[in-house]
Amino acid sequence: MNLKEKWVSWKYPFLLLFGVGLSNVGDWIYLIALNLIILDMTGSPLAVAMLYILKPLAVLCTNFWSGSMIDRLNQRNLMVGLDILRAILIALLPIFSSIWVMYVLVLLINMAGSVCEPTSMAYITKLVSPGSRRRFNSLRSLVDSGGFLIGPAIAGLLFMIGSPWMAIYVNAVTFLGSGFIIFWLPELKKSPKGQLSGKLPSIDLLKKDWKIVYKFSRNYSYVMAVYFLFGLMMVMAAALDSLEAAFATEVLSLSDTKYGFLVSIAGAGIASGAIVNALMARKLSIQVMIGMGSLFVSGGYIIYAFSSNFNMAALGFFILSFSLAFAYTGFHTFYQENIPVDVMGRVGSIYGILEAVCIIGVTAAFGVAAQLITIQVVVIAGSFLMLGTTVILCLVSFYSAKRIASQTIERNSVNVR
């Protein structure tokens, strides 16, 4: 393939990556600025912690119905509309001084985000050819890691020359920019029989869609086992991350500056892993990336859990963040290649509900346990639970590869009407 043919085949994927990267940078600016604003308004760490509860709560509010809408509407236009909606809601935040009104706006912003995630996954699967998905997903990991590094840096610069409120307005502009970029992508319209014709999903339609997801899960249990176990690993990671700041200050006795440096090392690990992953994406199998990548993630958490000083914790952080790039690329490619695109929105949304419930429950359990026992014991126990999960995930991912090789999934066999 010559340079011109490569450009033609990758023109739209690169444009999508740019839009995703822009919104990702904005997300980090928004997260850091909003944390500081809420802390300044209330002086309460609990008020800041509420922001993290609103994200899984938003998933619970949207995902039981959003999948039916995602699979039937024009996904490009839906992503554009959601970006514009988030830009407007974010721009409204500085107008209000009531903490509760701000929580409501943040919940709505997170609800739009929870709809956008499975929408973008379905659209990416249609836009990117099967042979290019692994490379695209590795580049997306690189873009995400860039947002992790660039977003906080831009936020810090904006705080120096202005205020956190300025950062909020900049974030609104990034979402408008992302929506504008995505608008120039092809529509990839569905056939008229698949459209909702502007109507909201009915109760009967929702019941039918849940049955479709259940039937697919039962028929392809080996596929959904990989999906579920990977989600469980991310639940454990979210719960352990919720204790990260307390672990760093109380167990490792790190100053705020050293803790910030520790987070920067994690960012360097993500970026390094994404670069290596982008170079090796075609040489590694999907099951190796999922299975071995996940095992090394849990290994990094175990090193971090047993650490007694900065250097050991930094090593654990680097290993787990480096390995995440491989695990994510493998999982996203597996998801795109083994779940029919016509039900992808419904499968992702419905299983997202289960993941959100688990995040809330496990995070709360870890928090209570840390109060009753010690933080390090809870982090060690959680890390070994994650290790057990990833060992099973590694075995199941290799088993599923054999099943998939012997039984091709009929992607268009699911009735989506």
# chains A, B, ... in the order shown; residues from 1 in each chain; ligands from 1
$ residues_around --residues "Leu320 (chain A)" --least-positions-apart "3" --cutoff "7 Å" --atoms "only C-alpha atoms" --output "count of residues only"
9
$ residues_around --residues "region 55-69 of chain A" --least-positions-apart "4" --cutoff "8 Å" --atoms "only C-alpha atoms" --output "PyMOL selection string"
chain A and resi 51+73+107-108+110-111+114-115+118+196+200-201+205-206+209+344-350+352-353+356-357+359-360
$ residues_around --residues "Trp100 (chain A)" --least-positions-apart "2" --cutoff "12 Å" --atoms "only C-alpha atoms" --output "MDAnalysis selection string"
chainID A and resid 38 41:42 47 50:51 93 96:98 102:107
$ closest_residue --among "A:Met312, A:Met224, A:Met289, A:Leu262" --to "Thr333 (chain A)" --atoms "only C-alpha atoms"
A:Met289
$ select_by_dssp --residues "region 219-290 of chain A" --states "alpha helix (DSSP H)" --output "PyMOL selection string"
chain A and resi 219+221-241+244-246+256-280+286-290
$ closest_residue --among "A:Cys358, A:Ala369, A:Ala246, A:Leu387" --to "Ser294 (chain A)" --atoms "only C-alpha atoms"
A:Leu387
$ closest_residue --among "A:Gly388, A:Pro186, A:Pro130, A:Gly367" --to "Ser242 (chain A)" --atoms "only C-alpha atoms"
A:Gly367
$ atom_distance --atom1 "CA of Val80 (chain A)" --atom2 "CA of Pro164 (chain A)"
25.9 Å
$ residues_around --residues "His332 (chain A)" --least-positions-apart "2" --cutoff "9 Å" --atoms "only C-alpha atoms" --output "list of chain:residue names"
A:Met121, A:Arg133, A:Arg134, A:Asn137, A:Ala327, A:Tyr328, A:Thr329, A:Gly330, A:Phe334, A:Tyr335, A:Gln336, A:Glu337
$ write_last_selection --atoms "N, CA and C atoms" --output "PDB file, in the first residue's frame"
ATOM      1  N   MET A 121     -17.660   3.558  20.700  1.00  0.00           N
ATOM      2  CA  MET A 121     -17.138   2.213  20.446  1.00  0.00           C
ATOM      3  C   MET A 121     -17.819   1.589  19.225  1.00  0.00           C
ATOM      4  N   ARG A 133      -7.932  -2.329  13.179  1.00  0.00           N
ATOM      5  CA  ARG A 133      -8.452  -2.035  14.515  1.00  0.00           C
ATOM      6  C   ARG A 133      -7.387  -2.125  15.598  1.00  0.00           C
ATOM      7  N   ARG A 134      -6.526  -3.121  15.497  1.00  0.00           N
ATOM      8  CA  ARG A 134      -5.506  -3.279  16.534  1.00  0.00           C
ATOM      9  C   ARG A 134      -4.568  -2.071  16.556  1.00  0.00           C
ATOM     10  N   ASN A 137      -6.535   0.973  17.943  1.00  0.00           N
ATOM     11  CA  ASN A 137      -6.702   0.919  19.399  1.00  0.00           C
ATOM     12  C   ASN A 137      -5.401   1.216  20.132  1.00  0.00           C
ATOM     13  N   ALA A 327      -3.317  -4.144  27.784  1.00  0.00           N
ATOM     14  CA  ALA A 327      -4.582  -4.756  28.191  1.00  0.00           C
ATOM     15  C   ALA A 327      -5.770  -4.062  27.525  1.00  0.00           C
ATOM     16  N   TYR A 328      -5.748  -2.730  27.502  1.00  0.00           N
ATOM     17  CA  TYR A 328      -6.845  -1.972  26.892  1.00  0.00           C
ATOM     18  C   TYR A 328      -6.923  -2.199  25.388  1.00  0.00           C
ATOM     19  N   THR A 329      -5.786  -2.184  24.725  1.00  0.00           N
ATOM     20  CA  THR A 329      -5.785  -2.406  23.277  1.00  0.00           C
ATOM     21  C   THR A 329      -6.322  -3.791  22.939  1.00  0.00           C
ATOM     22  N   GLY A 330      -5.862  -4.802  23.671  1.00  0.00           N
ATOM     23  CA  GLY A 330      -6.347  -6.156  23.439  1.00  0.00           C
ATOM     24  C   GLY A 330      -7.832  -6.285  23.692  1.00  0.00           C
ATOM     25  N   PHE A 334     -10.710  -7.108  20.941  1.00  0.00           N
ATOM     26  CA  PHE A 334     -11.535  -8.299  21.183  1.00  0.00           C
ATOM     27  C   PHE A 334     -13.017  -7.940  21.153  1.00  0.00           C
ATOM     28  N   TYR A 335     -13.366  -6.855  21.804  1.00  0.00           N
ATOM     29  CA  TYR A 335     -14.759  -6.386  21.867  1.00  0.00           C
ATOM     30  C   TYR A 335     -15.287  -6.071  20.473  1.00  0.00           C
ATOM     31  N   GLN A 336     -14.485  -5.367  19.675  1.00  0.00           N
ATOM     32  CA  GLN A 336     -14.920  -4.971  18.338  1.00  0.00           C
ATOM     33  C   GLN A 336     -15.049  -6.159  17.388  1.00  0.00           C
ATOM     34  N   GLU A 337     -14.214  -7.166  17.581  1.00  0.00           N
ATOM     35  CA  GLU A 337     -14.207  -8.290  16.651  1.00  0.00           C
ATOM     36  C   GLU A 337     -15.183  -9.398  17.016  1.00  0.00           C
TER      37      GLU A 337
END
$ closest_residue --among "A:Met233, A:Ala281, A:Leu22, A:Val226" --to "Tyr399 (chain A)" --atoms "only C-alpha atoms"
A:Val226
$ closest_atom_pairs --of "region 78-128 of chain A" --to "region 166-179 of chain A" --cutoff "7 Å" --atoms "only C-alpha atoms" --output "JSON lines"
{"residue": "A:Val80", "atom": "CA", "partner": "A:Gly179", "partner_atom": "CA", "distance": 4.5}
{"residue": "A:Asp83", "atom": "CA", "partner": "A:Gly179", "partner_atom": "CA", "distance": 5.3}
{"residue": "A:Ile84", "atom": "CA", "partner": "A:Leu176", "partner_atom": "CA", "distance": 5.7}
{"residue": "A:Arg86", "atom": "CA", "partner": "A:Phe175", "partner_atom": "CA", "distance": 6.9}
{"residue": "A:Ala87", "atom": "CA", "partner": "A:Ala172", "partner_atom": "CA", "distance": 4.2}
{"residue": "A:Ile88", "atom": "CA", "partner": "A:Ala172", "partner_atom": "CA", "distance": 6.9}
{"residue": "A:Ile90", "atom": "CA", "partner": "A:Ala172", "partner_atom": "CA", "distance": 5.7}
{"residue": "A:Ala91", "atom": "CA", "partner": "A:Tyr169", "partner_atom": "CA", "distance": 5.8}
$ write_last_selection --atoms "C-alpha atoms" --output "CSV table (one decimal), in the first residue's frame"
chain,number,residue,atom,x,y,z
A,80,VAL,CA,-21.7,15.5,18.0
A,83,ASP,CA,-20.3,16.9,22.8
A,84,ILE,CA,-22.3,20.1,22.3
A,86,ARG,CA,-21.6,18.7,27.5
A,87,ALA,CA,-20.0,21.9,26.3
A,88,ILE,CA,-23.2,23.9,27.2
A,90,ILE,CA,-19.9,22.7,31.5
A,91,ALA,CA,-20.2,26.4,30.5
$ residues_around --residues "Val235 (chain A)" --least-positions-apart "4" --cutoff "12 Å" --atoms "only C-alpha atoms" --output "PyMOL selection string"
chain A and resi 56+228-231+239-242+352+354-364+366+382-383+385-386+389
$ closest_residue --among "A:Ile109, A:Ile124, A:Ile99, A:Met79" --to "Gly43 (chain A)" --atoms "only C-alpha atoms"
A:Ile99
$ residues_around --residues "Leu315 (chain A)" --least-positions-apart "4" --cutoff "12 Å" --atoms "only C-alpha atoms" --output "list in words"
Leu262, Val263, Ile265, Ala266, Ala268, Gly269, Val297, Gly299, Gly300, Tyr301, Ile302, Ile303, Tyr304, Ala305, Phe306, Ser307, Ser308, Asn309, Phe310, Asn311, Ile319, Leu320, Ser321 and Phe322 of chain A
$ write_last_selection --atoms "C-alpha atoms" --output "mmCIF file, in the first residue's frame"
data_model
loop_
_atom_site.group_PDB
_atom_site.id
_atom_site.type_symbol
_atom_site.label_atom_id
_atom_site.label_comp_id
_atom_site.auth_asym_id
_atom_site.auth_seq_id
_atom_site.Cartn_x
_atom_site.Cartn_y
_atom_site.Cartn_z
ATOM 1 C CA LEU A 262 4.399 9.456 41.742
ATOM 2 C CA VAL A 263 1.321 10.217 39.631
ATOM 3 C CA ILE A 265 5.536 8.371 36.861
ATOM 4 C CA ALA A 266 2.244 6.577 36.237
ATOM 5 C CA ALA A 268 5.098 8.211 31.954
ATOM 6 C CA GLY A 269 4.328 4.492 32.241
ATOM 7 C CA VAL A 297 -1.275 -4.862 35.756
ATOM 8 C CA GLY A 299 1.584 -7.573 39.399
ATOM 9 C CA GLY A 300 2.215 -3.832 39.436
ATOM 10 C CA TYR A 301 -0.543 -3.348 41.999
ATOM 11 C CA ILE A 302 0.986 -6.057 44.223
ATOM 12 C CA ILE A 303 4.423 -4.367 44.109
ATOM 13 C CA TYR A 304 2.723 -1.081 44.986
ATOM 14 C CA ALA A 305 0.699 -2.711 47.796
ATOM 15 C CA PHE A 306 3.818 -4.128 49.504
ATOM 16 C CA SER A 307 5.902 -0.985 48.988
ATOM 17 C CA SER A 308 7.397 0.766 51.969
ATOM 18 C CA ASN A 309 9.150 3.595 50.150
ATOM 19 C CA PHE A 310 8.808 5.873 47.154
ATOM 20 C CA ASN A 311 11.058 3.884 44.785
ATOM 21 C CA ILE A 319 4.604 -1.504 35.630
ATOM 22 C CA LEU A 320 0.827 -1.369 36.087
ATOM 23 C CA SER A 321 0.378 1.762 33.959
ATOM 24 C CA PHE A 322 2.738 0.458 31.236
#
$ closest_residue --among "A:Leu17, A:Leu82, A:Ile203, A:Ala248" --to "Ile181 (chain A)" --atoms "only C-alpha atoms"
A:Leu17
